[in-house]
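Here's the structure we're looking at; comments come further down.
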Amino acid sequence: MKAAAHLQRGAKRVIISNPSADTLMFVMGVNHEKYDNSLKIISSASCTTNCLAPLAKVIDDNFDMVKGLMTTVNAMIATQKTVDVHSVKLQHDSCRAQRNIIFACTGTVKAVAGISMS
């Protein structure tokens with residue numbers, strides 16, 4: 001885990017600002033009370049997870065959510081091209097981000113599912 005390098009170089013704690021499969025994730029209002037001060041590395045999930053998880057918790061607490069579907073729209077993400085270019089991988093990746101809404105998969109659903117809400 002890359003975050004452990006910070007501990008080896010003297011950091012007392014590391015907070016990862018994106019979802020991580022290697023450490024516990026905490027979202028305020030969802031599972032923050034489970035935080036243990038002995039943890040050296042934690043994840044604060046992502047901005048999208050921090051928006052979706054509290055809403056999912058309220059729905060689950062009151063209506064026992066079985067399945068969910070989410071859609072997010074970002075102005076522009078780091079992997080999008082800023083100019084029109086040829087893309088061998090995916091045709092929609094060749095369109096510049098400023099003029100197109102381009103779908104992209106994120107880890108938000110897995111992250112929300114990985115957060116203990118009970």
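Residue names in the structure tokens use chain letters A, B, ... in the order shown, residue numbers from 1 in each chain, and ligand numbers from 1 in the order shown.
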
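Within the 12 Å cut-off around His32 of chain A, using only C-alpha atoms and omitting residues fewer than 3 positions from it on the same chain, the listed residues are Leu24, Met25, Phe26, Val27, Met28, Gly29, Tyr35, Asp36, Asn37, Ile42, Ser43, Ser44, Ala45, Asn50, Ala53, Pro54, Ile115, Ser116, Met117 and Ser118 of chain A.
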
(request) Would you kindly return, as a PyMOL selection string, each protein, DNA or RNA residue with an atom no farther than 10 Å from any atom of Lys110 of chain A, considering only C-alpha atoms and excluding same-chain residues fewer than 4 positions away? (result) chain A and resi 19+21+49+106+114-115

Skip Val66 of chain A itself and residues of its chain fewer than 4 positions away, then list as a CSV table (one decimal) with C-alpha atoms, in the first residue's frame all residues within 12 Å of it, counting only C-alpha atoms.
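Saved as selection-v9.csv:
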chain,number,residue,atom,x,y,z
A,56,ALA,CA,-28.3,5.7,1.1
A,57,LYS,CA,-28.1,5.3,4.9
A,59,ILE,CA,-33.1,5.3,2.9
A,60,ASP,CA,-31.7,2.0,4.2
A,61,ASP,CA,-32.5,2.8,7.8
A,62,ASN,CA,-36.1,3.8,7.0
A,113,ALA,CA,-21.5,-1.0,-0.5

(message) Here is a test: counting only C-alpha atoms, which residue of A:Glu33, A:Thr71, A:Ile41, A:Val58 is nearest to Ser20 of chain A?
(response)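 Residue with the minimum atom-to-atom distance to Ser20 of chain A: A:Ile41.
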
(message) One number please: atom CA of Lys40 of chain A to atom CA of Ala111 of chain A, in Å, one decimal.
(response) 19.8 Å

(request) To one decimal in Å, tell me the separation between atom CA of Val112 of chain A and atom CA of Val14 of chain A. (result) 20.7 Å

(request) To one decimal in Å, tell me the separation between atom CA of Lys2 of chain A and atom CA of Ser17 of chain A. (result) 12.9 Å
